[in-house]
Structure formats: structure tokens, C-alpha cells
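Visitor: Supplied in C-alpha cells, the structure appears directly below.
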Amino acid sequence: MEVTGTEACPTDVEVAGTEACPTVMMKFVADVMLGRLVRLMRFSGYDVEYDRNAADEMLLRRSRYRMLLTKDRSLAERAQKYKVYLVKTSGGEHQLAEIKKEFPLRLECSATRCLVCNRKIRAIRKSRVEHLVPPFVFRKYDTFYFCRQCRRVYWQGTHFERMSRVIK
Ligand SMILES: [Zn+2]
């Protein structure tokens with residue numbers, strides 16, 4: 001997936017789908033060692049909080065509200081009274097497979113999320129991104145997505161295809 005940040009804001013973004021997911025959908029927060037997994041999970045539609053500067057105390061606080069994913073056994077023990085899952089495998093792809101098995105995603109929640117800020121991204125009409133993406137990208141692709149939170153535009157470039165293969 002290609003991504004570009006921009007200050008320019010399309011004024012009326014076309015809204016596809018809805019933000020409303022069943023409230024039962026599990027939300028996650030991941031420790032700093034799981035950056036690759038976080039991107040793959042967001043791409044698959046999981047709601048994952050991630051801050052590469054997050055201290056253990058902050059992660060513990062967040063684990064009251066979200067399932068904490070960690071590779072750190074001692075952190076997992078400290079989080080025991082809340083929600084915590086100790087990731088067993090290594091490498092983003094293996095970890096994603098592990099998570100999918102452990103916490104299957106409900107189909108209606110599987111819209112792609114922004115890889116940077118975790119918000120759901122929405123389809124945006126091609127004509128609205130002409131001034132936001134490089135000309136060769138505009139010519140080559142027809143499907144674009146927009147993150148209203150951080151104003152990034154995504155399109156189905158080679159990275160997108162590679163990640164799609166990974167998460168299947
Ligand atoms: Zn974003």
C-alpha cells in the first residue's frame with residue numbers, strides 16, 4: 001500500500017460503509033515490539049492502538065479497556081488482572097496468523113484501517129484525489145482511500161498487493 005500525507009483536505013469526502021461496528025468487537029493495544037504486527041492487523045481491519053514511545057505503565061492502564069498484546073512475559077504477568085495476551089510466535093506474518101486464530105475478526109468489521117493512525121479508511125472518489133497524489137499514481141490507479149484523521153491517501157499500489165497476499 002502506498003501512502004502520502006497531505007495538508008490539503010478534500011471538503012466532501014465520499015463516505016463508504018459505516019464507522020459503527022458491533023460494540024462487542026475486540027479492541028487491542030500493542031507493545032512497542034509489535035510494530036510490524038500492528039500494521040498487518042490494521043490492514044486486516046483490527047482496531048489496534050500503538051505508540052512506539054508507550055511506557056509499560058501506560059500499556060497497563062490501556063489494558064483495562066483493550067486487549068494488550070505483548071511479547072514481554074513480565075509485562076503480561078503484571079497485566080494479568082486486566083486483558084492481556086502473550087504473543088508466542090515471532091515475525092509479523094506468523095504473529096498475524098496467531099492472532100487471527102486466537103481472535104477471529106468478525107466479517108463486518110474487516111474494513112481496512114489507516115496503517116498510521118488506526119482510523120478506518122474510506123473509499124474516496126478518484127476525481128477528489130487528483131491534487132493529492134503524484135500524477136503517475138493518478139493515471140495508474142482507480143481505487144483510492146482516504147483517512148479523515150491524518151489526511152493520508154491510500155491507493156492500491158504494489159505494497160498493497162504484497163500485503164494483501166500476506167494477510168490471506
Ligand atoms: Zn490515518
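By convention here, the chains of the C-alpha cells are called A, B, ... in the order presented, each chain's residues are numbered starting at 1, and ligands are numbered starting at 1 in the order presented.
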Residues within 9 Å of ligand 1 should be enumerated using only C-alpha atoms and all ligand atoms and returned as an MDAnalysis selection string.
Guide: chainID A and resid 5 113:121 146:153
Visitor: Would you save the residues of that selection, restricted to N, CA and C atoms, as a CSV table (one decimal), in the first residue's frame?
Guide:
```csv
chain,number,residue,atom,x,y,z
A,5,GLY,N,1.1,11.7,2.8
A,5,GLY,CA,0.5,12.6,3.7
A,5,GLY,C,0.2,13.9,3.0
A,113,ARG,N,-8.0,-0.4,8.0
A,113,ARG,CA,-7.7,0.8,8.8
A,113,ARG,C,-6.5,1.5,8.3
A,114,CYS,N,-6.4,2.8,8.7
A,114,CYS,CA,-5.2,3.5,8.4
A,114,CYS,C,-4.0,2.9,9.1
A,115,LEU,N,-2.9,2.6,8.3
A,115,LEU,CA,-1.8,1.9,8.9
A,115,LEU,C,-1.0,2.8,9.9
A,116,VAL,N,-1.3,4.1,9.8
A,116,VAL,CA,-0.5,5.1,10.7
A,116,VAL,C,-1.3,5.4,11.9
A,117,CYS,N,-2.6,5.7,11.8
A,117,CYS,CA,-3.3,6.2,13.0
A,117,CYS,C,-4.4,5.3,13.4
A,118,ASN,N,-4.7,4.2,12.7
A,118,ASN,CA,-5.7,3.2,13.2
A,118,ASN,C,-7.1,3.5,12.9
A,119,ARG,N,-7.4,4.7,12.3
A,119,ARG,CA,-8.8,5.0,11.9
A,119,ARG,C,-9.2,4.2,10.7
A,120,LYS,N,-10.5,3.9,10.6
A,120,LYS,CA,-11.0,3.2,9.4
A,120,LYS,C,-10.8,4.2,8.2
A,121,ILE,N,-10.3,3.6,7.1
A,121,ILE,CA,-10.2,4.5,5.9
A,121,ILE,C,-11.4,4.2,5.0
A,146,PHE,N,-9.2,7.2,1.8
A,146,PHE,CA,-8.8,8.4,2.5
A,146,PHE,C,-8.9,8.3,4.0
A,147,CYS,N,-7.9,8.7,4.8
A,147,CYS,CA,-8.1,8.7,6.2
A,147,CYS,C,-8.4,10.1,6.7
A,148,ARG,N,-9.6,10.3,7.3
A,148,ARG,CA,-10.0,11.6,7.7
A,148,ARG,C,-9.3,12.1,8.9
A,149,GLN,N,-8.7,11.2,9.7
A,149,GLN,CA,-7.9,11.6,10.9
A,149,GLN,C,-6.6,12.2,10.5
A,150,CYS,N,-5.8,11.5,9.7
A,150,CYS,CA,-4.5,12.1,9.4
A,150,CYS,C,-4.3,12.5,8.0
A,151,ARG,N,-5.4,12.5,7.2
A,151,ARG,CA,-5.5,13.0,5.9
A,151,ARG,C,-4.5,12.3,4.9
A,152,ARG,N,-4.3,11.1,5.1
A,152,ARG,CA,-3.4,10.3,4.2
A,152,ARG,C,-4.3,9.7,3.1
A,153,VAL,N,-3.8,9.6,1.9
A,153,VAL,CA,-4.4,8.9,0.8
A,153,VAL,C,-3.8,7.6,0.5
```
Visitor: For Ala97 of chain A, work out the shell of residues within 12 Å, counting only C-alpha atoms and skipping chain neighbours fewer than 4 positions away, then give it as a count of residues only.
Guide: 19
Visitor: Please compute the atom CA of Ala123 of chain A-atom CA of Trp155 of chain A distance, one decimal, in Å.
Guide: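 Computed distance, atom CA of Ala123 of chain A to atom CA of Trp155 of chain A, equals 9.6 Å.
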Visitor: Would you please give, as a list in words, all residues of segment 20-166 of chain A that DSSP assigns to strand (DSSP E) based on the backbone?
Guide: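 For segment 20-166 of chain A, the strand (DSSP E) set is Lys27, Phe28, Val29, Ala30, Asp47, Val48, Glu49, Tyr50, Met67, Leu68, Leu69, Thr70, Val84, Tyr85, Leu86, Arg122, Ala123, Ile124, Phe144, Tyr145, Phe146, Val153, Tyr154 and Trp155 of chain A.
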Visitor: Write out, as an mmCIF file, in the first residue's frame, the residues just selected, with N, CA and C atoms.
Guide:
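Resulting contents of again-v3.cif:
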```cif
data_model
loop_
_atom_site.group_PDB
_atom_site.id
_atom_site.type_symbol
_atom_site.label_atom_id
_atom_site.label_comp_id
_atom_site.auth_asym_id
_atom_site.auth_seq_id
_atom_site.Cartn_x
_atom_site.Cartn_y
_atom_site.Cartn_z
ATOM 1 N N LYS A 27 -11.035 -4.753 20.875
ATOM 2 C CA LYS A 27 -10.033 -3.735 20.553
ATOM 3 C C LYS A 27 -8.724 -4.115 21.216
ATOM 4 N N PHE A 28 -7.627 -3.686 20.597
ATOM 5 C CA PHE A 28 -6.317 -4.104 21.072
ATOM 6 C C PHE A 28 -5.417 -2.902 21.328
ATOM 7 N N VAL A 29 -4.415 -3.140 22.153
ATOM 8 C CA VAL A 29 -3.306 -2.205 22.286
ATOM 9 C C VAL A 29 -2.049 -3.071 22.269
ATOM 10 N N ALA A 30 -1.036 -2.620 21.516
ATOM 11 C CA ALA A 30 0.140 -3.474 21.341
ATOM 12 C C ALA A 30 1.381 -2.819 21.914
ATOM 13 N N ASP A 47 -8.739 -3.169 15.190
ATOM 14 C CA ASP A 47 -8.563 -1.883 15.844
ATOM 15 C C ASP A 47 -7.424 -2.029 16.853
ATOM 16 N N VAL A 48 -6.271 -1.463 16.538
ATOM 17 C CA VAL A 48 -5.092 -1.640 17.397
ATOM 18 C C VAL A 48 -4.453 -0.299 17.728
ATOM 19 N N GLU A 49 -4.370 0.001 18.985
ATOM 20 C CA GLU A 49 -3.655 1.197 19.431
ATOM 21 C C GLU A 49 -2.182 0.883 19.497
ATOM 22 N N TYR A 50 -1.363 1.839 19.095
ATOM 23 C CA TYR A 50 0.075 1.590 19.128
ATOM 24 C C TYR A 50 0.814 2.904 19.243
ATOM 25 N N MET A 67 -7.519 -5.323 24.822
ATOM 26 C CA MET A 67 -6.674 -6.499 24.976
ATOM 27 C C MET A 67 -5.220 -6.114 24.684
ATOM 28 N N LEU A 68 -4.377 -6.249 25.677
ATOM 29 C CA LEU A 68 -2.964 -5.904 25.500
ATOM 30 C C LEU A 68 -2.237 -7.063 24.815
ATOM 31 N N LEU A 69 -1.591 -6.765 23.705
ATOM 32 C CA LEU A 69 -0.762 -7.757 23.013
ATOM 33 C C LEU A 69 0.685 -7.459 23.358
ATOM 34 N N THR A 70 1.402 -8.444 23.842
ATOM 35 C CA THR A 70 2.780 -8.186 24.214
ATOM 36 C C THR A 70 3.650 -9.415 23.996
ATOM 37 N N VAL A 84 -4.981 -9.357 28.712
ATOM 38 C CA VAL A 84 -3.646 -9.447 28.138
ATOM 39 C C VAL A 84 -3.501 -10.753 27.362
ATOM 40 N N TYR A 85 -2.742 -10.675 26.273
ATOM 41 C CA TYR A 85 -2.435 -11.875 25.509
ATOM 42 C C TYR A 85 -0.946 -11.869 25.179
ATOM 43 N N LEU A 86 -0.258 -12.923 25.606
ATOM 44 C CA LEU A 86 1.173 -13.049 25.340
ATOM 45 C C LEU A 86 1.377 -13.656 23.959
ATOM 46 N N ARG A 122 -11.762 5.193 4.190
ATOM 47 C CA ARG A 122 -12.960 5.073 3.360
ATOM 48 C C ARG A 122 -12.607 5.309 1.905
ATOM 49 N N ALA A 123 -13.400 4.705 1.060
ATOM 50 C CA ALA A 123 -13.202 4.923 -0.369
ATOM 51 C C ALA A 123 -13.453 6.393 -0.688
ATOM 52 N N ILE A 124 -12.658 6.933 -1.573
ATOM 53 C CA ILE A 124 -12.837 8.321 -1.980
ATOM 54 C C ILE A 124 -12.857 8.356 -3.504
ATOM 55 N N PHE A 144 -9.088 4.595 -4.589
ATOM 56 C CA PHE A 144 -8.347 5.357 -3.580
ATOM 57 C C PHE A 144 -9.108 5.341 -2.262
ATOM 58 N N TYR A 145 -8.361 5.454 -1.177
ATOM 59 C CA TYR A 145 -8.953 5.501 0.158
ATOM 60 C C TYR A 145 -8.379 6.700 0.895
ATOM 61 N N PHE A 146 -9.165 7.224 1.807
ATOM 62 C CA PHE A 146 -8.751 8.439 2.497
ATOM 63 C C PHE A 146 -8.939 8.269 3.998
ATOM 64 N N VAL A 153 -3.750 9.606 1.916
ATOM 65 C CA VAL A 153 -4.445 8.946 0.815
ATOM 66 C C VAL A 153 -3.763 7.609 0.548
ATOM 67 N N TYR A 154 -4.538 6.561 0.439
ATOM 68 C CA TYR A 154 -4.013 5.242 0.099
ATOM 69 C C TYR A 154 -4.508 4.835 -1.275
ATOM 70 N N TRP A 155 -3.699 4.077 -1.951
ATOM 71 C CA TRP A 155 -4.167 3.513 -3.219
ATOM 72 C C TRP A 155 -3.581 2.128 -3.384
#
```
Visitor: Can you list, as a compact mmCIF listing (two decimals) with C-alpha atoms, in the first residue's frame, all residues belonging to segment 43-125 of chain A that DSSP tags as alpha helix (DSSP H)?
Guide:
```txt
# COMPACT_ATOMS: atom_id res chain seq x y z
CA PHE A 43 -4.61 -3.66 7.28
CA SER A 44 -6.82 -6.66 8.12
CA ASP A 56 4.75 -0.11 30.43
CA GLU A 57 2.59 1.85 32.86
CA MET A 58 0.63 3.38 30.01
CA LEU A 59 0.13 -0.03 28.37
CA LEU A 60 -1.08 -1.44 31.68
CA ARG A 61 -3.59 1.39 32.01
CA ARG A 62 -4.86 0.82 28.48
CA ARG A 73 6.36 -12.07 29.71
CA SER A 74 6.85 -9.92 32.79
CA LEU A 75 4.56 -7.21 31.40
CA ALA A 76 1.99 -9.90 30.66
CA GLU A 77 2.17 -11.06 34.26
CA ARG A 78 1.69 -7.54 35.56
CA GLY A 92 4.72 -10.18 11.77
CA GLU A 93 3.17 -12.74 9.42
CA HIS A 94 3.32 -15.61 11.91
CA GLN A 95 2.02 -13.34 14.62
CA LEU A 96 -0.90 -12.24 12.46
CA ALA A 97 -1.81 -15.88 11.84
CA GLU A 98 -1.65 -16.49 15.58
CA ILE A 99 -3.90 -13.50 16.32
CA LYS A 100 -6.40 -14.48 13.62
CA LYS A 101 -6.70 -17.91 15.16
CA GLU A 102 -6.98 -16.62 18.70
```
